$ cat data38.txt   # compact mmCIF, N, CA and C atoms
# COMPACT_ATOMS: atom_id res chain seq x y z
N MET A 12 1.67 -0.35 15.53
CA MET A 12 2.79 0.19 14.80
C MET A 12 2.27 1.23 13.81
N GLU A 13 2.95 2.34 13.72
CA GLU A 13 2.56 3.43 12.82
C GLU A 13 3.39 3.37 11.54
N PHE A 14 2.73 3.58 10.41
CA PHE A 14 3.39 3.55 9.11
C PHE A 14 3.15 4.85 8.38
N LYS A 15 4.10 5.77 8.48
CA LYS A 15 4.01 7.03 7.73
C LYS A 15 4.51 6.77 6.32
N ILE A 16 3.69 7.12 5.36
CA ILE A 16 4.06 6.93 3.96
C ILE A 16 5.11 7.96 3.58
N GLU A 17 6.21 7.48 3.03
CA GLU A 17 7.25 8.34 2.47
C GLU A 17 7.27 8.05 0.97
N PRO A 18 6.78 9.00 0.17
CA PRO A 18 6.64 8.74 -1.27
C PRO A 18 7.91 8.17 -1.90
N TYR A 19 7.74 7.04 -2.55
CA TYR A 19 8.78 6.32 -3.28
C TYR A 19 9.96 5.89 -2.41
N ILE A 20 9.75 5.90 -1.08
CA ILE A 20 10.77 5.43 -0.14
C ILE A 20 10.26 4.22 0.63
N GLY A 21 8.99 4.29 1.09
CA GLY A 21 8.41 3.19 1.84
C GLY A 21 7.38 3.69 2.82
N ALA A 22 7.16 2.94 3.89
CA ALA A 22 6.20 3.31 4.93
C ALA A 22 6.68 2.73 6.25
N GLY A 23 6.84 3.59 7.24
CA GLY A 23 7.31 3.15 8.54
C GLY A 23 8.66 2.47 8.44
N CYS A 24 8.77 1.30 9.06
CA CYS A 24 10.05 0.59 9.07
C CYS A 24 10.35 -0.13 7.75
N VAL A 25 9.38 -0.19 6.85
CA VAL A 25 9.56 -0.90 5.58
C VAL A 25 9.96 0.09 4.48
N LYS A 26 11.12 -0.14 3.90
CA LYS A 26 11.62 0.72 2.83
C LYS A 26 11.82 -0.10 1.57
N PHE A 27 11.57 0.51 0.44
CA PHE A 27 11.83 -0.17 -0.83
C PHE A 27 13.33 -0.40 -0.95
N GLY A 28 13.68 -1.55 -1.48
CA GLY A 28 15.08 -1.92 -1.58
C GLY A 28 15.56 -2.78 -0.43
N MET A 29 14.74 -2.89 0.64
CA MET A 29 15.11 -3.76 1.75
C MET A 29 14.94 -5.22 1.33
N ASN A 30 15.76 -6.07 1.90
CA ASN A 30 15.61 -7.49 1.59
C ASN A 30 14.57 -8.13 2.51
N LYS A 31 14.14 -9.30 2.13
CA LYS A 31 13.07 -10.04 2.83
C LYS A 31 13.41 -10.25 4.31
N GLU A 32 14.62 -10.64 4.59
CA GLU A 32 15.03 -10.92 5.97
C GLU A 32 14.90 -9.68 6.86
N ASP A 33 15.35 -8.52 6.38
CA ASP A 33 15.27 -7.29 7.18
C ASP A 33 13.82 -6.86 7.40
N ILE A 34 12.98 -7.05 6.40
CA ILE A 34 11.57 -6.70 6.56
C ILE A 34 10.91 -7.62 7.58
N ARG A 35 11.22 -8.89 7.53
CA ARG A 35 10.64 -9.83 8.49
C ARG A 35 11.04 -9.48 9.92
N LYS A 36 12.22 -8.94 10.12
CA LYS A 36 12.65 -8.49 11.44
C LYS A 36 11.73 -7.37 11.96
N CYS A 37 11.31 -6.48 11.05
CA CYS A 37 10.42 -5.37 11.44
C CYS A 37 9.13 -5.88 12.08
N PHE A 38 8.69 -7.06 11.65
CA PHE A 38 7.43 -7.62 12.12
C PHE A 38 7.65 -8.81 13.06
N ASN A 39 8.84 -8.91 13.64
CA ASN A 39 9.17 -9.99 14.58
C ASN A 39 8.88 -11.38 14.01
N TYR A 40 9.11 -11.52 12.73
CA TYR A 40 8.99 -12.82 12.04
C TYR A 40 7.59 -13.43 12.14
N GLN A 41 6.58 -12.62 12.31
CA GLN A 41 5.19 -13.10 12.36
C GLN A 41 4.59 -12.96 10.96
N PHE A 42 4.76 -13.98 10.13
CA PHE A 42 4.31 -13.87 8.74
C PHE A 42 3.92 -15.23 8.19
N LYS A 43 3.21 -15.18 7.07
CA LYS A 43 2.92 -16.36 6.25
C LYS A 43 3.41 -16.01 4.85
N GLU A 44 3.93 -16.98 4.17
CA GLU A 44 4.46 -16.79 2.82
C GLU A 44 3.52 -17.50 1.84
N TYR A 45 3.21 -16.84 0.72
CA TYR A 45 2.33 -17.45 -0.27
C TYR A 45 2.57 -16.83 -1.64
N LYS A 46 2.00 -17.45 -2.67
CA LYS A 46 2.04 -16.89 -4.03
C LYS A 46 0.76 -16.10 -4.25
N LYS A 47 0.91 -14.86 -4.67
CA LYS A 47 -0.25 -13.99 -4.89
C LYS A 47 -1.17 -14.56 -5.98
N THR A 48 -0.58 -15.07 -7.04
CA THR A 48 -1.33 -15.72 -8.11
C THR A 48 -0.60 -17.01 -8.48
N PRO A 49 -1.27 -17.93 -9.15
CA PRO A 49 -0.59 -19.18 -9.54
C PRO A 49 0.63 -18.96 -10.44
N ILE A 50 0.67 -17.86 -11.16
CA ILE A 50 1.81 -17.62 -12.06
C ILE A 50 2.86 -16.68 -11.48
N SER A 51 2.68 -16.29 -10.21
CA SER A 51 3.66 -15.40 -9.57
C SER A 51 5.04 -16.02 -9.57
N LYS A 52 6.04 -15.22 -9.85
CA LYS A 52 7.43 -15.69 -9.85
C LYS A 52 8.07 -15.58 -8.47
N THR A 53 7.47 -14.78 -7.60
CA THR A 53 8.02 -14.58 -6.26
C THR A 53 6.96 -14.87 -5.21
N LEU A 54 7.41 -15.09 -3.99
CA LEU A 54 6.50 -15.28 -2.87
C LEU A 54 6.21 -13.94 -2.21
N THR A 55 5.01 -13.82 -1.67
CA THR A 55 4.57 -12.62 -0.95
C THR A 55 4.56 -12.94 0.53
N ASP A 56 4.93 -11.98 1.37
CA ASP A 56 4.84 -12.13 2.82
C ASP A 56 3.55 -11.48 3.31
N ASP A 57 2.78 -12.24 4.09
CA ASP A 57 1.55 -11.75 4.69
C ASP A 57 1.82 -11.54 6.18
N PHE A 58 1.76 -10.29 6.62
CA PHE A 58 1.99 -9.95 8.02
C PHE A 58 0.69 -9.63 8.75
N GLY A 59 -0.44 -10.00 8.17
CA GLY A 59 -1.74 -9.71 8.77
C GLY A 59 -2.25 -8.34 8.39
N ILE A 60 -1.58 -7.31 8.85
CA ILE A 60 -2.01 -5.94 8.53
C ILE A 60 -1.59 -5.52 7.12
N CYS A 61 -0.61 -6.23 6.56
CA CYS A 61 -0.12 -5.86 5.24
C CYS A 61 0.52 -7.05 4.53
N HIS A 62 0.64 -6.89 3.24
CA HIS A 62 1.39 -7.84 2.41
C HIS A 62 2.59 -7.09 1.84
N ILE A 63 3.71 -7.77 1.76
CA ILE A 63 4.91 -7.19 1.16
C ILE A 63 5.19 -7.95 -0.13
N TYR A 64 5.34 -7.19 -1.21
CA TYR A 64 5.62 -7.76 -2.52
C TYR A 64 7.10 -7.55 -2.85
N TYR A 65 7.70 -8.61 -3.40
CA TYR A 65 9.13 -8.61 -3.67
C TYR A 65 9.42 -8.80 -5.15
N LYS A 66 10.54 -8.26 -5.57
CA LYS A 66 11.08 -8.55 -6.91
C LYS A 66 11.68 -9.95 -6.87
N THR A 67 12.12 -10.43 -8.02
CA THR A 67 12.67 -11.79 -8.08
C THR A 67 13.93 -11.96 -7.23
N ASN A 68 14.59 -10.89 -6.86
CA ASN A 68 15.78 -10.98 -6.00
C ASN A 68 15.44 -10.79 -4.52
N ASN A 69 14.15 -10.92 -4.17
CA ASN A 69 13.67 -10.80 -2.78
C ASN A 69 13.89 -9.41 -2.18
N ILE A 70 13.80 -8.40 -3.03
CA ILE A 70 13.90 -7.01 -2.60
C ILE A 70 12.50 -6.39 -2.66
N CYS A 71 12.12 -5.67 -1.62
CA CYS A 71 10.79 -5.08 -1.51
C CYS A 71 10.52 -4.07 -2.63
N GLU A 72 9.33 -4.20 -3.25
CA GLU A 72 8.92 -3.25 -4.28
C GLU A 72 7.57 -2.61 -3.99
N ALA A 73 6.79 -3.19 -3.07
CA ALA A 73 5.49 -2.62 -2.72
C ALA A 73 5.00 -3.18 -1.39
N ILE A 74 4.15 -2.38 -0.73
CA ILE A 74 3.54 -2.74 0.54
C ILE A 74 2.05 -2.47 0.39
N GLU A 75 1.22 -3.48 0.67
CA GLU A 75 -0.22 -3.26 0.63
C GLU A 75 -0.78 -3.46 2.03
N PHE A 76 -1.35 -2.38 2.57
CA PHE A 76 -1.93 -2.38 3.90
C PHE A 76 -3.43 -2.65 3.83
N PHE A 77 -3.93 -3.40 4.82
CA PHE A 77 -5.35 -3.71 4.92
C PHE A 77 -5.96 -3.13 6.19
N GLU A 78 -5.12 -2.69 7.09
CA GLU A 78 -5.55 -2.08 8.34
C GLU A 78 -4.33 -1.45 8.98
N GLY A 79 -4.55 -0.81 10.12
CA GLY A 79 -3.43 -0.25 10.87
C GLY A 79 -3.33 1.25 10.79
N GLU A 80 -2.30 1.76 11.41
CA GLU A 80 -2.05 3.19 11.48
C GLU A 80 -1.20 3.61 10.29
N VAL A 81 -1.83 3.79 9.14
CA VAL A 81 -1.16 4.20 7.92
C VAL A 81 -1.46 5.68 7.71
N LEU A 82 -0.40 6.49 7.65
CA LEU A 82 -0.58 7.93 7.56
C LEU A 82 -0.01 8.50 6.26
N PHE A 83 -0.75 9.42 5.70
CA PHE A 83 -0.30 10.18 4.53
C PHE A 83 -0.38 11.65 4.95
N TYR A 84 0.76 12.32 5.03
CA TYR A 84 0.83 13.70 5.51
C TYR A 84 0.05 13.86 6.81
N GLU A 85 0.36 13.00 7.77
CA GLU A 85 -0.22 13.00 9.13
C GLU A 85 -1.71 12.69 9.15
N GLN A 86 -2.30 12.31 8.03
CA GLN A 86 -3.72 11.95 7.98
C GLN A 86 -3.85 10.42 8.01
N ARG A 87 -4.57 9.89 8.95
CA ARG A 87 -4.83 8.46 9.01
C ARG A 87 -5.78 8.09 7.88
N LEU A 88 -5.48 7.00 7.19
CA LEU A 88 -6.25 6.63 6.01
C LEU A 88 -7.35 5.60 6.28
N PHE A 89 -7.12 4.68 7.19
CA PHE A 89 -8.12 3.64 7.43
C PHE A 89 -9.24 4.14 8.34
N LYS A 90 -10.38 3.48 8.19
CA LYS A 90 -11.62 3.81 8.91
C LYS A 90 -12.17 5.17 8.49
N ARG A 91 -11.79 5.61 7.30
CA ARG A 91 -12.33 6.85 6.74
C ARG A 91 -13.07 6.51 5.46
N PRO A 92 -14.11 7.26 5.15
CA PRO A 92 -14.82 7.01 3.90
C PRO A 92 -13.93 7.28 2.68
N TYR A 93 -14.18 6.53 1.63
CA TYR A 93 -13.43 6.71 0.39
C TYR A 93 -13.43 8.16 -0.05
N GLU A 94 -14.58 8.82 -0.04
CA GLU A 94 -14.67 10.20 -0.52
C GLU A 94 -13.77 11.13 0.28
N GLU A 95 -13.61 10.87 1.56
CA GLU A 95 -12.74 11.68 2.41
C GLU A 95 -11.27 11.44 2.08
N VAL A 96 -10.91 10.17 1.91
CA VAL A 96 -9.53 9.82 1.54
C VAL A 96 -9.20 10.42 0.18
N CYS A 97 -10.15 10.37 -0.71
CA CYS A 97 -9.97 10.94 -2.04
C CYS A 97 -9.67 12.45 -1.94
N LYS A 98 -10.41 13.16 -1.12
CA LYS A 98 -10.21 14.60 -0.94
C LYS A 98 -8.82 14.90 -0.36
N ILE A 99 -8.38 14.05 0.56
CA ILE A 99 -7.04 14.25 1.14
C ILE A 99 -6.00 14.20 0.02
N PHE A 100 -6.07 13.17 -0.81
CA PHE A 100 -5.10 13.03 -1.89
C PHE A 100 -5.25 14.12 -2.94
N GLU A 101 -6.47 14.50 -3.26
CA GLU A 101 -6.68 15.56 -4.26
C GLU A 101 -6.10 16.89 -3.80
N SER A 102 -5.98 17.10 -2.49
CA SER A 102 -5.40 18.35 -2.01
C SER A 102 -3.89 18.42 -2.23
N TYR A 103 -3.26 17.26 -2.52
CA TYR A 103 -1.82 17.19 -2.78
C TYR A 103 -1.48 16.81 -4.22
N ASP A 104 -2.42 16.20 -4.91
CA ASP A 104 -2.15 15.69 -6.26
C ASP A 104 -3.38 15.89 -7.14
N ILE A 105 -3.28 16.80 -8.09
CA ILE A 105 -4.43 17.08 -8.97
C ILE A 105 -4.49 16.12 -10.16
N SER A 106 -3.55 15.20 -10.23
CA SER A 106 -3.53 14.27 -11.38
C SER A 106 -3.72 12.82 -10.95
N LEU A 107 -4.66 12.58 -10.03
CA LEU A 107 -4.93 11.22 -9.59
C LEU A 107 -5.45 10.39 -10.77
N ASP A 108 -5.09 9.13 -10.79
CA ASP A 108 -5.51 8.21 -11.84
C ASP A 108 -6.65 7.35 -11.28
N PHE A 109 -7.90 7.72 -11.61
CA PHE A 109 -9.07 7.02 -11.10
C PHE A 109 -9.40 5.81 -11.96
N ASN A 110 -9.93 4.76 -11.32
CA ASN A 110 -10.42 3.58 -12.03
C ASN A 110 -11.68 3.09 -11.33
N ASP A 111 -12.18 1.94 -11.71
CA ASP A 111 -13.44 1.42 -11.15
C ASP A 111 -13.34 1.00 -9.69
N VAL A 112 -12.15 0.85 -9.17
CA VAL A 112 -11.99 0.36 -7.80
C VAL A 112 -11.16 1.29 -6.91
N GLY A 113 -11.05 2.55 -7.29
CA GLY A 113 -10.29 3.50 -6.48
C GLY A 113 -9.45 4.43 -7.33
N PHE A 114 -8.23 4.66 -6.89
CA PHE A 114 -7.33 5.55 -7.62
C PHE A 114 -5.88 5.29 -7.24
N SER A 115 -4.99 5.82 -8.07
CA SER A 115 -3.55 5.80 -7.79
C SER A 115 -3.01 7.22 -7.90
N SER A 116 -2.04 7.50 -7.08
CA SER A 116 -1.29 8.75 -7.16
C SER A 116 0.13 8.39 -7.57
N PHE A 117 0.46 8.64 -8.82
CA PHE A 117 1.82 8.35 -9.28
C PHE A 117 2.79 9.44 -8.82
N LYS A 118 2.25 10.55 -8.39
CA LYS A 118 3.09 11.60 -7.81
C LYS A 118 3.70 11.12 -6.49
N PHE A 119 2.92 10.33 -5.72
CA PHE A 119 3.35 9.88 -4.40
C PHE A 119 3.59 8.38 -4.29
N GLY A 120 3.28 7.61 -5.32
CA GLY A 120 3.49 6.17 -5.27
C GLY A 120 2.54 5.47 -4.32
N VAL A 121 1.26 5.85 -4.38
CA VAL A 121 0.25 5.30 -3.48
C VAL A 121 -1.02 4.99 -4.29
N GLY A 122 -1.65 3.87 -3.95
CA GLY A 122 -2.93 3.53 -4.55
C GLY A 122 -3.95 3.21 -3.47
N ILE A 123 -5.19 3.57 -3.73
CA ILE A 123 -6.29 3.31 -2.79
C ILE A 123 -7.25 2.34 -3.45
N PHE A 124 -7.56 1.24 -2.74
CA PHE A 124 -8.49 0.24 -3.24
C PHE A 124 -9.81 0.37 -2.48
N ALA A 125 -10.86 0.65 -3.22
CA ALA A 125 -12.21 0.78 -2.67
C ALA A 125 -13.16 0.30 -3.75
N PRO A 126 -13.43 -1.00 -3.81
CA PRO A 126 -14.19 -1.57 -4.93
C PRO A 126 -15.61 -1.03 -5.09
N PHE A 127 -16.14 -0.37 -4.08
CA PHE A 127 -17.49 0.18 -4.09
C PHE A 127 -17.47 1.69 -4.32
N SER A 128 -16.32 2.25 -4.64
CA SER A 128 -16.14 3.69 -4.67
C SER A 128 -17.15 4.44 -5.55
N ASN A 129 -17.55 3.87 -6.65
CA ASN A 129 -18.50 4.55 -7.53
C ASN A 129 -19.91 4.59 -6.96
N ASP A 130 -20.33 3.51 -6.32
CA ASP A 130 -21.70 3.41 -5.82
C ASP A 130 -21.87 3.82 -4.37
N GLU A 131 -20.85 3.60 -3.56
CA GLU A 131 -20.95 3.90 -2.13
C GLU A 131 -19.68 4.59 -1.62
N PRO A 132 -19.47 5.85 -2.02
CA PRO A 132 -18.24 6.55 -1.63
C PRO A 132 -18.15 6.87 -0.13
N ASP A 133 -19.23 6.61 0.61
CA ASP A 133 -19.22 6.86 2.05
C ASP A 133 -18.69 5.66 2.84
N LYS A 134 -18.41 4.54 2.15
CA LYS A 134 -17.85 3.36 2.81
C LYS A 134 -16.33 3.53 2.96
N PRO A 135 -15.75 2.92 3.99
CA PRO A 135 -14.30 3.04 4.18
C PRO A 135 -13.51 2.30 3.10
N ILE A 136 -12.29 2.74 2.90
CA ILE A 136 -11.40 2.10 1.92
C ILE A 136 -11.03 0.71 2.42
N GLU A 137 -10.60 -0.16 1.49
CA GLU A 137 -10.23 -1.53 1.87
C GLU A 137 -8.72 -1.73 1.96
N SER A 138 -7.95 -1.06 1.10
CA SER A 138 -6.50 -1.21 1.20
C SER A 138 -5.78 0.00 0.63
N VAL A 139 -4.51 0.09 1.04
CA VAL A 139 -3.60 1.15 0.57
C VAL A 139 -2.34 0.45 0.10
N ILE A 140 -1.97 0.68 -1.15
CA ILE A 140 -0.70 0.13 -1.63
C ILE A 140 0.29 1.28 -1.80
N VAL A 141 1.49 1.05 -1.32
CA VAL A 141 2.59 2.01 -1.44
C VAL A 141 3.63 1.30 -2.29
N PHE A 142 4.06 1.95 -3.37
CA PHE A 142 4.92 1.26 -4.33
C PHE A 142 6.10 2.11 -4.76
N GLU A 143 7.13 1.41 -5.24
CA GLU A 143 8.32 2.10 -5.73
C GLU A 143 8.11 2.56 -7.17
N ARG A 144 8.98 3.45 -7.61
CA ARG A 144 8.91 3.92 -9.00
C ARG A 144 9.02 2.74 -9.95
N GLY A 145 8.18 2.74 -10.99
CA GLY A 145 8.23 1.70 -12.00
C GLY A 145 7.46 0.44 -11.66
N TYR A 146 6.82 0.40 -10.50
CA TYR A 146 6.10 -0.81 -10.08
C TYR A 146 5.02 -1.22 -11.08
N TYR A 147 4.33 -0.27 -11.65
CA TYR A 147 3.24 -0.57 -12.58
C TYR A 147 3.67 -0.49 -14.05
N ASP A 148 4.94 -0.32 -14.31
CA ASP A 148 5.42 -0.25 -15.70
C ASP A 148 5.44 -1.61 -16.35
$ encode --input "data38.txt" --output "structure tokens"
Amino acid sequence: MEFKIEPYIGAGCVKFGMNKEDIRKCFNYQFKEYKKTPISKTLTDDFGICHIYYKTNNICEAIEFFEGEVLFYEQRLFKRPYEEVCKIFESYDISLDFNDVGFSSFKFGVGIFAPFSNDEPDKPIESVIVFERGYYD
């Protein structure tokens, strides 16, 4: 399944604002439900290739991909070195927010997780989170 990132809208068949039931249909109900942390107020759906995070009303607010065909402006993100993914985003957003484990683009509502990014930028990224406006507020 291909997931084209649509900034602040979603990725592929998953759109922000969709309810849990409709998202589960996208993945043919192949999921596990769990709490991300012991203090989480909502349950997260694990679909293998991604996790879907919900607000307290079971409405999608973020998608975190760990593998698969995730595209940003027709560029596949997985199986590419962090430094290459970084260059792709820098060509569209000059105000990336870098941290010790990757970066976020608040212009596009996307974050890249690469915990080794400072020491080994030639290693592939580990995850891509796509989030709605206000997710990190």
$ atom_distance --input "data38.txt" --atom1 "atom C of A:Cys97" --atom2 "atom C of A:Glu131"
12.7 Å
$ closest_residue --input "data38.txt" --among "A:Ala22, A:Cys61, A:Leu54, A:Phe100" --to "A:Gly79" --atoms "all atoms listed in the file"
A:Cys61
$ atom_distance --input "data38.txt" --atom1 "atom CA of A:Phe77" --atom2 "atom CA of A:Val25"
15.2 Å
$ closest_residue --input "data38.txt" --among "A:Asp104, A:Glu32, A:Glu44, A:Glu94" --to "A:Ser116" --atoms "only C-alpha atoms"
A:Asp104
$ atom_distance --input "data38.txt" --atom1 "atom CA of A:Glu80" --atom2 "atom CA of A:Ser138"
12.0 Å
$ residues_around --input "data38.txt" --residues "A:Ile99" --least-positions-apart "2" --cutoff "12 Å" --atoms "only C-alpha atoms" --output "PyMOL selection string"
chain A and resi 82-88+91-97+101-105+107+116+123
$ select_by_dssp --input "data38.txt" --residues "stretch 13-141 of chain A" --states "strand (DSSP E)" --output "ChimeraX atom specification"
/A:13-17,21-22,25-26,43-45,55-57,61-65,71-76,80-83,86-87,108-110,113-116,121-124,138-141
$ closest_residue --input "data38.txt" --among "A:Ile60, A:Ile136, A:Val81, A:Ile74" --to "A:Lys15" --atoms "only N, CA and C atoms"
A:Val81
$ closest_atom_pairs --input "data38.txt" --of "stretch 17-136 of chain A" --to "stretch 140-143 of chain A" --cutoff "5 Å" --atoms "only N, CA and C atoms" --output "tab-separated table"
residue	atom	partner	partner_atom	distance
A:Tyr19	CA	A:Glu143	CA	4.9
A:Glu72	C	A:Glu143	N	4.2
A:Ala73	CA	A:Phe142	CA	4.2
A:Ile74	C	A:Val141	N	4.0
A:Glu75	CA	A:Ile140	CA	4.1
A:Phe76	N	A:Ile140	N	4.9
A:Gly120	C	A:Phe142	N	4.0
A:Val121	CA	A:Ile140	C	4.4
A:Gly122	N	A:Ile140	C	3.9
$ closest_residue --input "data38.txt" --among "A:Gly28, A:Glu13, A:Thr67, A:Pro18" --to "A:Lys118" --atoms "only N, CA and C atoms"
A:Pro18
$ closest_residue --input "data38.txt" --among "A:Pro132, A:Phe127, A:Tyr146, A:Ile20" --to "A:Tyr64" --atoms "only C-alpha atoms"
A:Tyr146
$ residues_near_point --input "data38.txt" --point "(9.8, -0.3, 7.1)" --cutoff "8 Å" --atoms "only N, CA and C atoms" --output "PyMOL selection string"
chain A and resi 14+20-27+33-34+37
$ closest_residue --input "data38.txt" --among "A:Asp108, A:Glu78, A:Gln41, A:Asp56" --to "A:Glu137" --atoms "only C-alpha atoms"
A:Glu78
$ select_by_dssp --input "data38.txt" --residues "stretch 62-120 of chain A" --states "alpha helix (DSSP H)" --output "list of chain:residue names"
A:Tyr93, A:Glu94, A:Glu95, A:Val96, A:Cys97, A:Lys98, A:Ile99, A:Phe100, A:Glu101
$ write_last_selection --input "data38.txt" --atoms "N, CA and C atoms" --output "CSV table (one decimal), keeping the file's coordinate frame"
chain,number,residue,atom,x,y,z
A,93,TYR,N,-14.2,6.5,1.6
A,93,TYR,CA,-13.4,6.7,0.4
A,93,TYR,C,-13.4,8.2,0.0
A,94,GLU,N,-14.6,8.8,0.0
A,94,GLU,CA,-14.7,10.2,-0.5
A,94,GLU,C,-13.8,11.1,0.3
A,95,GLU,N,-13.6,10.9,1.6
A,95,GLU,CA,-12.7,11.7,2.4
A,95,GLU,C,-11.3,11.4,2.1
A,96,VAL,N,-10.9,10.2,1.9
A,96,VAL,CA,-9.5,9.8,1.5
A,96,VAL,C,-9.2,10.4,0.2
A,97,CYS,N,-10.2,10.4,-0.7
A,97,CYS,CA,-10.0,10.9,-2.0
A,97,CYS,C,-9.7,12.4,-1.9
A,98,LYS,N,-10.4,13.2,-1.1
A,98,LYS,CA,-10.2,14.6,-0.9
A,98,LYS,C,-8.8,14.9,-0.4
A,99,ILE,N,-8.4,14.0,0.6
A,99,ILE,CA,-7.0,14.2,1.1
A,99,ILE,C,-6.0,14.2,0.0
A,100,PHE,N,-6.1,13.2,-0.8
A,100,PHE,CA,-5.1,13.0,-1.9
A,100,PHE,C,-5.2,14.1,-2.9
A,101,GLU,N,-6.5,14.5,-3.3
A,101,GLU,CA,-6.7,15.6,-4.3
A,101,GLU,C,-6.1,16.9,-3.8
$ decode --input "data38.txt" --residues "stretch 96-127 of chain A" --atoms "C-alpha atoms" --output "mmCIF file, in the first residue's frame"
data_model
loop_
_atom_site.group_PDB
_atom_site.id
_atom_site.type_symbol
_atom_site.label_atom_id
_atom_site.label_comp_id
_atom_site.auth_asym_id
_atom_site.auth_seq_id
_atom_site.Cartn_x
_atom_site.Cartn_y
_atom_site.Cartn_z
ATOM 1 C CA VAL A 96 15.938 12.371 3.644
ATOM 2 C CA CYS A 97 17.087 15.528 5.379
ATOM 3 C CA LYS A 98 18.137 17.065 2.033
ATOM 4 C CA ILE A 99 14.754 16.212 0.513
ATOM 5 C CA PHE A 100 12.950 18.089 3.275
ATOM 6 C CA GLU A 101 15.414 20.989 3.285
ATOM 7 C CA SER A 102 14.648 21.557 -0.401
ATOM 8 C CA TYR A 103 11.010 22.306 0.586
ATOM 9 C CA ASP A 104 11.357 23.710 4.110
ATOM 10 C CA ILE A 105 14.233 25.926 5.237
ATOM 11 C CA SER A 106 12.940 26.047 8.814
ATOM 12 C CA LEU A 107 13.266 22.412 9.900
ATOM 13 C CA ASP A 108 13.315 21.894 13.658
ATOM 14 C CA PHE A 109 16.320 19.633 14.370
ATOM 15 C CA ASN A 110 16.825 17.688 17.602
ATOM 16 C CA ASP A 111 19.041 14.847 18.850
ATOM 17 C CA VAL A 112 16.965 12.166 17.123
ATOM 18 C CA GLY A 113 16.005 13.738 13.794
ATOM 19 C CA PHE A 114 13.846 16.678 12.814
ATOM 20 C CA SER A 115 10.305 17.977 12.357
ATOM 21 C CA SER A 116 8.836 20.060 9.585
ATOM 22 C CA PHE A 117 6.018 22.138 11.011
ATOM 23 C CA LYS A 118 5.465 23.549 7.541
ATOM 24 C CA PHE A 119 4.351 20.084 6.373
ATOM 25 C CA GLY A 120 3.354 18.316 9.606
ATOM 26 C CA VAL A 121 6.014 15.617 9.323
ATOM 27 C CA GLY A 122 8.722 14.363 11.664
ATOM 28 C CA ILE A 123 11.663 12.072 10.951
ATOM 29 C CA PHE A 124 13.032 9.796 13.680
ATOM 30 C CA ALA A 125 16.656 8.746 13.289
ATOM 31 C CA PRO A 126 18.222 8.285 16.742
ATOM 32 C CA PHE A 127 21.735 7.944 15.260
#
